[in-house]
$ cat coords-v2.csv   # CSV, C-alpha atoms and all ligand atoms
chain,number,residue,atom,x,y,z
A,23,MET,CA,-2.4,89.6,76.2
A,24,ASP,CA,-0.3,92.2,74.3
A,25,GLY,CA,-1.9,95.0,76.4
A,26,GLU,CA,-0.6,93.3,79.6
A,27,LEU,CA,2.9,93.6,78.3
A,28,SER,CA,2.9,97.2,77.2
A,29,GLY,CA,3.9,98.7,80.6
A,30,ALA,CA,6.8,96.4,81.1
A,31,SER,CA,8.1,96.7,77.5
A,32,GLU,CA,8.0,100.5,77.6
A,33,VAL,CA,10.0,100.6,80.9
A,34,TRP,CA,12.5,98.1,79.5
A,35,TRP,CA,13.8,100.3,76.7
A,36,VAL,CA,13.0,103.9,77.8
A,37,SER,CA,13.7,104.1,81.4
A,38,SER,CA,16.8,104.4,83.6
A,39,GLN,CA,19.9,102.1,83.2
A,40,GLY,CA,19.1,100.7,86.6
A,41,PHE,CA,15.8,99.2,85.4
A,42,ILE,CA,17.1,97.5,82.2
A,43,PRO,CA,18.2,94.2,83.7
A,44,MET,CA,15.0,93.7,85.7
A,45,PHE,CA,12.6,94.4,82.8
A,46,ARG,CA,14.8,92.6,80.2
A,47,THR,CA,14.6,89.5,82.3
A,48,GLN,CA,10.9,89.8,82.5
A,49,MET,CA,10.6,90.3,78.7
A,50,GLU,CA,12.9,87.4,78.0
A,51,GLU,CA,10.8,85.1,80.1
A,52,VAL,CA,7.7,86.3,78.4
A,53,SER,CA,9.3,85.9,75.0
A,54,ILE,CA,10.2,82.3,75.8
A,55,LEU,CA,6.7,81.6,77.0
A,56,ARG,CA,5.2,83.1,73.8
A,57,GLY,CA,7.7,81.7,71.3
A,58,SER,CA,9.7,85.0,71.1
A,59,ASN,CA,6.8,86.5,69.2
A,60,CYS,CA,5.7,89.2,71.6
A,61,ARG,CA,5.3,92.8,70.4
A,62,ALA,CA,5.8,95.9,72.4
A,63,LYS,CA,2.9,98.3,72.4
A,64,GLY,CA,3.1,102.1,72.7
A,65,ALA,CA,0.9,104.2,74.9
A,66,ALA,CA,-2.8,104.7,74.0
A,67,PRO,CA,-3.8,108.4,73.2
A,68,GLY,CA,-4.3,110.3,76.4
A,69,LEU,CA,-2.5,112.6,78.8
A,70,LYS,CA,0.9,112.3,80.3
A,71,VAL,CA,1.4,112.8,84.0
A,72,ALA,CA,4.5,112.9,86.2
A,73,VAL,CA,4.5,112.5,90.0
A,74,LEU,CA,7.6,114.0,91.7
A,75,GLY,CA,8.1,112.4,95.1
A,76,ALA,CA,6.3,109.2,94.0
A,77,SER,CA,7.9,107.0,96.6
A,78,GLY,CA,6.5,108.9,99.6
A,79,GLY,CA,3.6,108.6,101.9
A,80,ILE,CA,1.4,110.7,99.5
A,81,GLY,CA,3.3,109.7,96.3
A,82,GLN,CA,2.6,106.0,96.4
A,83,PRO,CA,-1.2,106.0,96.8
A,84,LEU,CA,-1.4,109.0,94.5
A,85,SER,CA,0.5,107.2,91.9
A,86,LEU,CA,-1.8,104.2,92.3
A,87,LEU,CA,-4.8,106.4,91.9
A,88,MET,CA,-3.3,108.1,88.8
A,89,LYS,CA,-2.7,104.7,87.3
A,90,MET,CA,-6.4,104.0,87.6
A,91,ASN,CA,-7.4,107.3,85.9
A,92,PRO,CA,-8.7,106.5,82.3
A,93,LEU,CA,-7.5,109.9,81.0
A,94,VAL,CA,-3.8,109.0,81.7
A,95,SER,CA,-1.9,107.2,79.0
A,96,VAL,CA,1.6,107.7,80.5
A,97,LEU,CA,2.6,107.9,84.1
A,98,HIS,CA,6.1,108.9,85.1
A,99,LEU,CA,7.2,108.2,88.7
A,100,TYR,CA,10.1,110.2,90.0
A,101,ASP,CA,11.8,110.3,93.4
A,102,VAL,CA,15.3,110.3,94.9
A,103,VAL,CA,14.7,106.9,96.4
A,104,ASN,CA,12.8,103.6,95.8
A,105,THR,CA,11.2,104.3,92.4
A,106,PRO,CA,12.3,101.0,90.9
A,107,GLY,CA,10.2,99.0,93.4
A,108,VAL,CA,7.2,101.4,93.3
A,109,THR,CA,7.2,101.4,89.5
A,110,ALA,CA,7.5,97.7,89.2
A,111,ASP,CA,4.6,97.3,91.6
A,112,ILE,CA,2.2,99.8,90.1
A,113,SER,CA,3.1,98.8,86.5
A,114,HIS,CA,1.4,95.4,87.1
A,115,MET,CA,-2.0,97.0,87.5
A,116,ASN,CA,-4.0,96.1,84.4
A,117,THR,CA,-5.1,99.6,83.6
A,118,GLY,CA,-4.3,101.6,80.5
A,119,ALA,CA,-1.5,103.9,81.6
A,120,VAL,CA,2.1,102.9,80.8
A,121,VAL,CA,4.3,103.4,83.9
A,122,ARG,CA,7.9,104.5,83.8
A,123,GLY,CA,10.2,105.0,86.8
A,124,PHE,CA,13.0,107.6,87.2
A,125,LEU,CA,15.5,107.6,90.1
A,126,GLY,CA,17.5,110.6,91.3
A,127,GLN,CA,18.4,114.0,89.9
A,128,PRO,CA,20.2,112.8,86.7
A,129,GLN,CA,16.9,111.3,85.6
A,130,LEU,CA,14.7,114.3,86.4
A,131,GLU,CA,14.8,115.7,82.8
A,132,ASN,CA,13.7,112.4,81.3
A,133,ALA,CA,10.9,112.1,83.9
A,134,LEU,CA,9.6,115.6,82.9
A,135,THR,CA,10.0,115.7,79.1
A,136,GLY,CA,6.6,115.6,77.3
A,137,MET,CA,4.4,115.8,80.4
A,138,ASP,CA,1.0,117.5,80.3
A,139,LEU,CA,0.5,117.5,84.1
A,140,VAL,CA,3.2,117.4,86.9
A,141,ILE,CA,2.1,116.7,90.5
A,142,ILE,CA,4.6,117.6,93.2
A,143,PRO,CA,4.3,115.8,96.6
A,144,ALA,CA,8.1,115.8,97.2
A,145,GLY,CA,9.4,117.1,100.5
A,146,ILE,CA,9.4,116.4,104.2
A,147,PRO,CA,6.2,116.2,106.3
A,148,ARG,CA,5.4,117.7,109.7
A,149,LYS,CA,6.0,116.1,113.1
A,150,PRO,CA,3.9,117.0,116.2
A,151,GLY,CA,4.7,120.6,117.4
A,152,MET,CA,5.8,121.8,114.0
A,153,THR,CA,4.0,124.4,111.8
A,154,ARG,CA,3.9,123.9,108.0
A,155,ASP,CA,6.2,126.9,107.8
A,156,ASP,CA,8.8,124.9,109.8
A,157,LEU,CA,9.2,122.8,106.6
A,158,PHE,CA,10.2,125.8,104.5
A,159,ASN,CA,14.0,125.5,104.9
A,160,ILE,CA,14.1,122.0,103.3
A,161,ASN,CA,11.1,122.0,101.0
A,162,ALA,CA,11.7,125.4,99.4
A,163,GLY,CA,14.9,124.1,97.8
A,164,ILE,CA,13.3,120.9,96.7
A,165,VAL,CA,10.4,122.7,95.0
A,166,ARG,CA,12.8,125.2,93.4
A,167,THR,CA,15.0,122.4,91.9
A,168,LEU,CA,12.0,120.5,90.6
A,169,CYS,CA,10.4,123.6,89.0
A,170,GLU,CA,13.7,124.5,87.3
A,171,GLY,CA,13.4,121.1,85.7
A,172,ILE,CA,9.8,121.7,84.7
A,173,ALA,CA,10.8,125.1,83.1
A,174,LYS,CA,13.4,123.4,81.0
A,175,CYS,CA,11.6,120.2,80.0
A,176,CYS,CA,7.8,120.7,80.0
A,177,PRO,CA,7.2,124.5,80.3
A,178,ASN,CA,3.6,124.2,79.2
A,179,ALA,CA,2.6,121.5,81.7
A,180,ILE,CA,0.0,122.1,84.3
A,181,VAL,CA,1.7,122.0,87.7
A,182,ASN,CA,0.0,120.9,90.9
A,183,VAL,CA,2.0,121.9,94.0
A,184,ILE,CA,1.3,119.8,97.1
A,185,SER,CA,4.6,120.3,99.1
A,186,ASN,CA,4.2,122.4,102.2
A,187,PRO,CA,4.2,125.2,103.0
A,188,VAL,CA,1.9,125.6,100.0
A,189,ASN,CA,1.4,129.3,100.8
A,190,SER,CA,5.1,129.8,100.0
A,191,THR,CA,6.0,126.9,97.6
A,192,VAL,CA,3.5,128.2,95.0
A,193,PRO,CA,5.1,131.7,95.0
A,194,ILE,CA,8.5,129.9,94.8
A,195,ALA,CA,7.4,128.0,91.7
A,196,ALA,CA,6.1,131.2,90.1
A,197,GLU,CA,9.4,133.0,90.7
A,198,VAL,CA,11.4,130.1,89.2
A,199,PHE,CA,9.2,130.1,86.1
A,200,LYS,CA,9.4,133.9,85.8
A,201,LYS,CA,13.2,133.7,86.0
A,202,ALA,CA,13.2,131.0,83.2
A,203,GLY,CA,10.7,133.1,81.1
A,204,THR,CA,8.1,130.3,81.1
A,205,TYR,CA,5.6,131.6,83.7
A,206,ASN,CA,2.0,131.0,82.8
A,207,PRO,CA,-0.2,131.8,85.8
A,208,LYS,CA,-3.1,129.7,84.3
A,209,ARG,CA,-1.0,126.6,84.7
A,210,LEU,CA,0.3,126.8,88.3
A,211,LEU,CA,-2.1,125.5,91.0
A,212,GLY,CA,-1.5,125.0,94.7
A,213,VAL,CA,-3.5,121.9,95.9
A,214,THR,CA,-5.9,122.9,98.7
A,215,THR,CA,-8.5,120.2,97.9
A,216,LEU,CA,-7.9,118.4,101.2
A,217,ASP,CA,-9.3,121.4,103.0
A,218,VAL,CA,-12.5,121.1,100.9
A,219,VAL,CA,-12.6,117.3,101.4
A,220,ARG,CA,-12.4,117.8,105.1
A,221,ALA,CA,-14.9,120.6,105.2
A,222,ASN,CA,-17.4,118.5,103.2
A,223,THR,CA,-16.9,115.6,105.6
A,224,PHE,CA,-17.2,117.6,108.8
A,225,VAL,CA,-20.2,119.6,107.6
A,226,GLY,CA,-21.8,116.4,106.3
A,227,GLU,CA,-21.4,114.9,109.8
A,228,VAL,CA,-23.0,118.0,111.5
A,229,LEU,CA,-25.9,118.2,109.1
A,230,GLY,CA,-26.5,114.4,108.8
A,231,LEU,CA,-25.8,114.5,105.1
A,232,ASP,CA,-23.8,112.3,102.8
A,233,PRO,CA,-20.5,114.2,102.4
A,234,ARG,CA,-20.5,113.6,98.7
A,235,ASP,CA,-23.6,115.8,98.5
A,236,VAL,CA,-22.0,118.7,100.4
A,237,ASN,CA,-19.9,121.4,98.8
A,238,VAL,CA,-18.0,123.9,101.1
A,239,PRO,CA,-15.9,126.6,99.4
A,240,VAL,CA,-12.6,126.9,101.3
A,241,VAL,CA,-10.6,130.0,100.4
A,242,GLY,CA,-7.4,131.9,101.4
A,243,GLY,CA,-4.5,129.5,101.8
A,244,HIS,CA,-3.4,126.2,103.2
A,245,ALA,CA,-2.2,126.7,106.8
A,246,GLY,CA,-4.0,127.5,110.1
A,247,VAL,CA,-6.0,130.7,110.0
A,248,THR,CA,-5.3,131.1,106.2
A,249,ILE,CA,-7.7,128.2,105.7
A,250,LEU,CA,-11.0,130.0,105.5
A,251,PRO,CA,-14.2,127.9,105.1
A,252,LEU,CA,-17.1,129.9,103.8
A,253,LEU,CA,-19.8,128.2,105.8
A,254,SER,CA,-22.3,130.9,104.6
A,255,GLN,CA,-22.0,129.5,101.1
A,256,VAL,CA,-22.4,125.8,101.7
A,257,ASN,CA,-24.3,123.9,99.1
A,258,PRO,CA,-27.0,122.7,99.7
A,259,PRO,CA,-28.0,126.0,101.4
A,260,CYS,CA,-28.2,125.5,105.2
A,261,SER,CA,-27.6,127.4,108.4
A,262,PHE,CA,-25.5,126.7,111.5
A,263,THR,CA,-25.6,127.8,115.1
A,264,PRO,CA,-22.7,130.0,116.4
A,265,GLU,CA,-21.3,126.9,118.2
A,266,GLU,CA,-21.4,124.8,115.1
A,267,ILE,CA,-19.6,127.6,113.1
A,268,SER,CA,-16.9,127.8,115.8
A,269,TYR,CA,-16.5,124.0,115.9
A,270,LEU,CA,-16.4,123.6,112.1
A,271,THR,CA,-14.1,126.4,111.4
A,272,SER,CA,-11.6,125.3,114.0
A,273,ARG,CA,-11.8,121.6,113.0
A,274,ILE,CA,-11.3,122.4,109.3
A,275,GLN,CA,-8.4,124.8,110.0
A,276,ASN,CA,-6.7,122.2,112.3
A,277,GLY,CA,-7.5,119.1,110.3
A,278,GLY,CA,-3.8,118.7,109.3
A,279,THR,CA,-2.7,119.0,112.8
A,280,GLU,CA,-5.3,116.5,114.0
A,281,VAL,CA,-3.7,113.9,111.7
A,282,VAL,CA,-0.1,114.9,112.6
A,283,GLU,CA,-0.9,114.4,116.3
A,284,ALA,CA,-2.7,111.1,115.7
A,285,LYS,CA,0.2,109.8,113.7
A,286,ALA,CA,2.5,110.8,116.6
A,287,GLY,CA,5.7,111.4,114.6
A,288,ALA,CA,5.0,109.1,111.7
A,289,GLY,CA,4.1,111.9,109.3
A,290,SER,CA,1.1,113.8,108.2
A,291,ALA,CA,-2.0,113.1,106.1
A,292,THR,CA,-1.1,110.8,103.3
A,293,LEU,CA,-4.1,108.7,102.3
A,294,SER,CA,-6.8,111.4,102.5
A,295,MET,CA,-4.3,113.7,100.7
A,296,ALA,CA,-3.6,111.2,97.9
A,297,TYR,CA,-7.4,111.0,97.5
A,298,ALA,CA,-7.7,114.8,97.4
A,299,ALA,CA,-4.7,115.2,95.1
A,300,ALA,CA,-6.1,112.5,92.7
A,301,LYS,CA,-9.5,114.3,92.7
A,302,PHE,CA,-7.8,117.6,91.9
A,303,ALA,CA,-5.5,116.1,89.2
A,304,ASP,CA,-8.6,114.5,87.6
A,305,ALA,CA,-10.3,117.8,87.5
A,306,CYS,CA,-7.3,119.4,85.8
A,307,LEU,CA,-7.1,116.5,83.3
A,308,ARG,CA,-10.8,116.7,82.5
A,309,GLY,CA,-10.3,120.4,81.9
A,310,LEU,CA,-7.4,119.7,79.5
A,311,HIS,CA,-9.6,117.1,77.9
A,312,GLY,CA,-12.2,119.7,77.1
A,313,ASP,CA,-14.9,118.9,79.7
A,314,ALA,CA,-17.0,122.0,80.6
A,315,GLY,CA,-18.0,123.5,84.0
A,316,ILE,CA,-15.2,122.1,86.2
A,317,VAL,CA,-14.8,124.2,89.3
A,318,GLU,CA,-12.4,123.5,92.2
A,319,CYS,CA,-10.8,125.6,94.9
A,320,SER,CA,-7.1,126.1,94.4
A,321,TYR,CA,-4.3,128.5,95.6
A,322,VAL,CA,-3.4,130.5,92.5
A,323,ASP,CA,-2.0,133.7,91.1
A,324,SER,CA,-5.0,135.9,91.8
A,325,GLN,CA,-6.6,139.3,91.7
A,326,VAL,CA,-9.5,138.3,94.0
A,327,THR,CA,-7.8,140.2,96.8
A,328,GLU,CA,-4.9,142.6,96.9
A,329,LEU,CA,-2.5,139.7,97.5
A,330,PRO,CA,-0.7,138.1,94.5
A,331,PHE,CA,-1.8,134.6,95.5
A,332,PHE,CA,-5.0,133.4,97.0
A,333,ALA,CA,-7.1,130.3,97.1
A,334,SER,CA,-10.6,130.5,95.7
A,335,LYS,CA,-12.9,128.7,93.3
A,336,VAL,CA,-11.4,128.4,89.8
A,337,LEU,CA,-12.9,127.2,86.5
A,338,LEU,CA,-10.6,124.7,84.8
A,339,GLY,CA,-10.4,124.1,81.1
A,340,ARG,CA,-8.1,123.4,78.1
A,341,SER,CA,-5.6,126.1,79.1
A,342,GLY,CA,-5.6,125.3,82.8
A,343,ILE,CA,-7.3,128.1,84.8
A,344,GLU,CA,-10.0,129.6,82.5
A,345,GLU,CA,-11.4,131.9,85.1
A,346,ILE,CA,-11.0,132.8,88.8
A,347,LEU,CA,-14.4,133.1,90.4
A,348,PRO,CA,-15.2,135.9,92.9
A,349,LEU,CA,-15.5,135.2,96.6
A,350,GLY,CA,-19.2,136.0,96.8
A,351,PRO,CA,-20.8,137.6,99.8
A,352,LEU,CA,-19.1,137.0,103.1
A,353,ASN,CA,-20.7,137.4,106.5
A,354,GLU,CA,-19.1,139.4,109.4
A,355,PHE,CA,-17.3,136.3,110.9
A,356,GLU,CA,-15.9,135.4,107.5
A,357,ARG,CA,-14.8,139.0,106.8
A,358,ALA,CA,-12.8,139.1,110.1
A,359,GLY,CA,-11.3,135.7,109.2
A,360,LEU,CA,-10.3,137.0,105.8
A,361,GLU,CA,-8.3,139.9,107.3
A,362,LYS,CA,-6.5,137.5,109.6
A,363,ALA,CA,-5.8,135.1,106.7
A,364,LYS,CA,-4.5,137.9,104.5
A,365,LYS,CA,-2.0,139.1,107.1
A,366,GLU,CA,-0.4,135.6,107.4
A,367,LEU,CA,-0.6,134.9,103.7
A,368,SER,CA,1.2,138.1,102.8
A,369,GLU,CA,4.2,137.1,104.9
A,370,SER,CA,4.3,133.6,103.5
A,371,ILE,CA,4.1,134.8,99.9
A,372,GLN,CA,6.9,137.4,100.5
A,373,LYS,CA,9.1,134.6,102.1
A,374,GLY,CA,8.7,132.5,99.0
A,375,VAL,CA,9.4,135.3,96.6
A,376,SER,CA,12.5,136.4,98.6
A,377,PHE,CA,13.9,132.8,98.7
A,378,VAL,CA,14.2,132.7,94.9
A,379,ASN,CA,15.4,136.2,94.5
A,380,LYS,CA,17.9,136.5,97.3
B,1,LIG,N1,-1.1,120.4,100.1
B,1,LIG,C1,-1.6,119.6,101.1
B,1,LIG,O1,-2.8,119.6,101.4
B,1,LIG,C2,-0.8,118.6,101.8
B,1,LIG,C3,0.6,118.7,101.7
B,1,LIG,N2,1.4,117.8,102.3
B,1,LIG,C4,2.8,117.9,102.1
B,1,LIG,O2,3.3,117.0,101.1
B,1,LIG,C5,4.7,116.7,101.3
B,1,LIG,C6,5.0,115.2,101.2
B,1,LIG,O3,4.4,114.5,102.3
B,1,LIG,P1,4.5,112.9,102.5
B,1,LIG,O4,4.3,112.2,101.2
B,1,LIG,O5,3.8,112.6,103.7
B,1,LIG,O6,6.1,112.9,102.8
B,1,LIG,P2,7.1,111.6,102.7
B,1,LIG,O7,8.3,112.0,103.4
B,1,LIG,O8,6.4,110.4,103.0
B,1,LIG,O9,7.4,111.6,101.1
B,1,LIG,C7,8.1,112.6,100.5
B,1,LIG,C8,8.8,112.0,99.3
B,1,LIG,O10,9.6,113.1,98.6
B,1,LIG,C9,10.8,112.5,98.2
B,1,LIG,N3,11.8,113.6,97.9
B,1,LIG,C10,12.5,114.3,98.8
B,1,LIG,N4,13.3,115.1,98.1
B,1,LIG,C11,13.0,115.0,96.8
B,1,LIG,C12,13.5,115.6,95.6
B,1,LIG,N5,14.5,116.5,95.7
B,1,LIG,N6,13.0,115.2,94.5
B,1,LIG,C13,12.0,114.2,94.4
B,1,LIG,N7,11.5,113.6,95.5
B,1,LIG,C14,12.0,114.0,96.7
B,1,LIG,C15,11.2,111.6,99.4
B,1,LIG,O11,12.2,110.7,98.9
B,1,LIG,C16,9.9,111.0,99.7
B,1,LIG,O12,9.7,109.8,99.0
B,1,LIG,C17,5.0,117.3,102.6
B,1,LIG,O13,5.7,118.6,102.4
B,1,LIG,C18,3.7,117.5,103.3
B,1,LIG,O14,3.7,118.6,104.3
B,1,LIG,C19,0.9,116.8,103.1
B,1,LIG,C20,-0.5,116.7,103.2
B,1,LIG,C21,-1.4,117.6,102.7
B,2,LIG,O1,-0.8,119.2,108.2
B,2,LIG,C1,0.1,118.9,107.5
B,2,LIG,O2,1.3,119.1,107.7
B,2,LIG,C2,-0.2,118.3,106.1
B,2,LIG,C3,-1.2,119.1,105.5
B,2,LIG,O3,-1.0,120.1,104.8
B,2,LIG,C4,-2.6,118.7,105.7
B,2,LIG,O4,-2.9,117.6,106.2
B,2,LIG,O5,-3.5,119.5,105.5

$ encode --input "coords-v2.csv" --output "structure tokens"
Amino acid sequence: MDGELSGASEVWWVSSQGFIPMFRTQMEEVSILRGSNCRAKGAAPGLKVAVLGASGGIGQPLSLLMKMNPLVSVLHLYDVVNTPGVTADISHMNTGAVVRGFLGQPQLENALTGMDLVIIPAGIPRKPGMTRDDLFNINAGIVRTLCEGIAKCCPNAIVNVISNPVNSTVPIAAEVFKKAGTYNPKRLLGVTTLDVVRANTFVGEVLGLDPRDVNVPVVGGHAGVTILPLLSQVNPPCSFTPEEISYLTSRIQNGGTEVVEAKAGAGSATLSMAYAAAKFADACLRGLHGDAGIVECSYVDSQVTELPFFASKVLLGRSGIEEILPLGPLNEFERAGLEKAKKELSESIQKGVSFVNK
């Protein structure tokens, strides 16, 4: 019974002024029911996670999935709108994590203080006809502000950047951290897991395999031709016809646009993205927790190519990225794809770097 109260009691005394009346009322009611003898419990040992943009299409289901993660003891939900409702709702789930909500810029620092992992799905999504780069003008500023807060309040946290265009927002985050003197390339990761999730699904369909048994490395970046599935390195080993390679490459590269068009103006991928982001966050948390052998693709500060940022397989551990794995042998089709990807990536990276240093 005490456990059921812990989420509400924590929110009641720690969180924003706006939440106090709501949770005090709940606590008073519970106190009356239990003869004024209820005790507030603190969080169990575990990891502290913040979701920035928690009220959005990705943020809400992602917050729900993080509340279900047994490694999470404290979950901070930050947004510029609607966090009281999302927090109240999610805090009723009878899982271990204590949930606290934070609303608006004045509460950003409280949202970030003490966090081990910060996940950023804040920012506007695409509408049909837009590229991810068309989101730059608005999302670049959002990511910069949030990263300034991270540099100040939790400089050692692992940061997972979801906001698009990822090819530029990760370099923006790096520049903000460099300016603040807190940059640790092992702790900044762009989330490209949805590309791998889609690749596993589509390859599974073509091969007639359960997608959970398929692993396709997807390297490069997270937009159009920068998304480079390495179909020659699929696990379990298999071969494809030229038509299958052309179909799969195009479908994986355009998976985001497929959803944007199907949603017809109502946004981009949110549910599959929340799943992918929760999967990636869980891998980061298991690494922090000391689990061995955790490998995921991610867009990171890298020396795998001559570009300063590149997505490839990384080994996760206690310090974040323990090792960036080499690309492995590419076939001729993939080598040509890599050249195209690098050209676009280079421009997107430069755009992000210039935005912070202009
Ligand atoms: N990395 C990836 O694979 C993917 C990335 N995305 C990107 O994720 C981002 C979010 O997408 P959705 O959740 O669908 O959008 P959404 O519009 O539903 O939600 C975005 C949330 O961010 C909040 N927000 C705006 N400014 C903020 C600020 N300064 N601080 C905190 N929160 C702020 C909004 O209030 C809103 O609740 C988009 O940029 C989208 O392109 C989407 C799918 C896949
Ligand atoms: O396509 C978009 O705009 C959202 C996204 O990044 C994806 O679904 O991969």

$ residues_near_ligand --input "coords-v2.csv" --ligand "ligand LIG 2 (chain B)" --cutoff "9 Å" --atoms "all atoms listed in the file" --output "PyMOL selection string"
chain A and resi 147-149+152-154+157+184-188+214+216-217+244-245+275-282+289-292+294-295

$ atom_distance --input "coords-v2.csv" --atom1 "atom CA of A:Pro193" --atom2 "atom C18 of ligand LIG 1 (chain B)"
16.5 Å

$ closest_residue --input "coords-v2.csv" --among "A:Asn178, A:Thr105, A:Gln325, A:Asn222" --to "A:Leu134" --atoms "all atoms listed in the file"
A:Asn178

$ atom_distance --input "coords-v2.csv" --atom1 "atom CA of A:Leu93" --atom2 "atom CA of A:Lys301"
12.7 Å

$ residues_around --input "coords-v2.csv" --residues "A:Asn206" --least-positions-apart "2" --cutoff "9 Å" --atoms "only C-alpha atoms" --output "list in words"
Pro177, Asn178, Ala196, Phe199, Lys200, Thr204, Lys208, Arg209 and Leu210 of chain A

$ closest_residue --input "coords-v2.csv" --among "A:Val336, A:Leu307, A:Leu349, A:Val213" --to "A:Ile142" --atoms "all atoms listed in the file"
A:Val213

$ residues_around --input "coords-v2.csv" --residues "A:Tyr321" --least-positions-apart "5" --cutoff "7 Å" --atoms "all atoms listed in the file" --output "list in words"
Leu211, Gly212, Val213, Thr214, Gly243, Phe331, Phe332, Ala333 and Ser334 of chain A

$ atom_distance --input "coords-v2.csv" --atom1 "atom CA of A:Asn104" --atom2 "atom CA of A:Leu125"
7.5 Å

$ closest_residue --input "coords-v2.csv" --among "A:Asn116, A:Gly123, A:Ala144, A:Leu84" --to "ligand LIG 1 (chain B)" --atoms "only C-alpha atoms and all ligand atoms"
A:Ala144

$ closest_residue --input "coords-v2.csv" --among "A:Val225, A:Val181, A:Ala173, A:Ala298" --to "ligand LIG 1 (chain B)" --atoms "only C-alpha atoms and all ligand atoms"
A:Ala298

$ closest_residue --input "coords-v2.csv" --among "A:Thr135, A:Ser376, A:Ser324, A:Asn161" --to "ligand LIG 1 (chain B)" --atoms "only C-alpha atoms and all ligand atoms"
A:Asn161

$ closest_residue --input "coords-v2.csv" --among "A:Pro233, A:Pro143, A:Gly171, A:Pro264" --to "ligand LIG 1 (chain B)" --atoms "all atoms listed in the file"
A:Pro143

$ residues_around --input "coords-v2.csv" --residues "stretch 362-375 of chain A" --least-positions-apart "4" --cutoff "7 Å" --atoms "only C-alpha atoms" --output "JSON, numbers by chain"
{"A": [189, 190, 191, 193, 194, 197, 242, 243, 247, 248, 329, 358, 379]}

$ residues_around --input "coords-v2.csv" --residues "A:Leu130" --least-positions-apart "6" --cutoff "9 Å" --atoms "only C-alpha atoms" --output "list in words"
Leu74, Tyr100, Asp101, Phe124, Leu168 and Gly171 of chain A

$ residues_around --input "coords-v2.csv" --residues "A:Val236" --least-positions-apart "3" --cutoff "9 Å" --atoms "only C-alpha atoms" --output "list in words"
Ala221, Asn222, Thr223, Val225, Gly226, Leu231, Asp232, Pro233, Val256, Asn257 and Pro258 of chain A

$ residues_near_point --input "coords-v2.csv" --point "(-16.1, 121.5, 81.0)" --cutoff "10 Å" --atoms "all atoms listed in the file" --output "list in words"
Ala305, Arg308, Gly309, Leu310, His311, Gly312, Asp313, Ala314, Gly315, Ile316, Val317, Leu337, Leu338, Gly339 and Arg340 of chain A

$ write_last_selection --input "coords-v2.csv" --atoms "C-alpha atoms" --output "PDB file, keeping the file's coordinate frame"
ATOM      1  CA  ALA A 305     -10.300 117.800  87.500  1.00  0.00           C
ATOM      2  CA  ARG A 308     -10.800 116.700  82.500  1.00  0.00           C
ATOM      3  CA  GLY A 309     -10.300 120.400  81.900  1.00  0.00           C
ATOM      4  CA  LEU A 310      -7.400 119.700  79.500  1.00  0.00           C
ATOM      5  CA  HIS A 311      -9.600 117.100  77.900  1.00  0.00           C
ATOM      6  CA  GLY A 312     -12.200 119.700  77.100  1.00  0.00           C
ATOM      7  CA  ASP A 313     -14.900 118.900  79.700  1.00  0.00           C
ATOM      8  CA  ALA A 314     -17.000 122.000  80.600  1.00  0.00           C
ATOM      9  CA  GLY A 315     -18.000 123.500  84.000  1.00  0.00           C
ATOM     10  CA  ILE A 316     -15.200 122.100  86.200  1.00  0.00           C
ATOM     11  CA  VAL A 317     -14.800 124.200  89.300  1.00  0.00           C
ATOM     12  CA  LEU A 337     -12.900 127.200  86.500  1.00  0.00           C
ATOM     13  CA  LEU A 338     -10.600 124.700  84.800  1.00  0.00           C
ATOM     14  CA  GLY A 339     -10.400 124.100  81.100  1.00  0.00           C
ATOM     15  CA  ARG A 340      -8.100 123.400  78.100  1.00  0.00           C
TER      16      ARG A 340
END
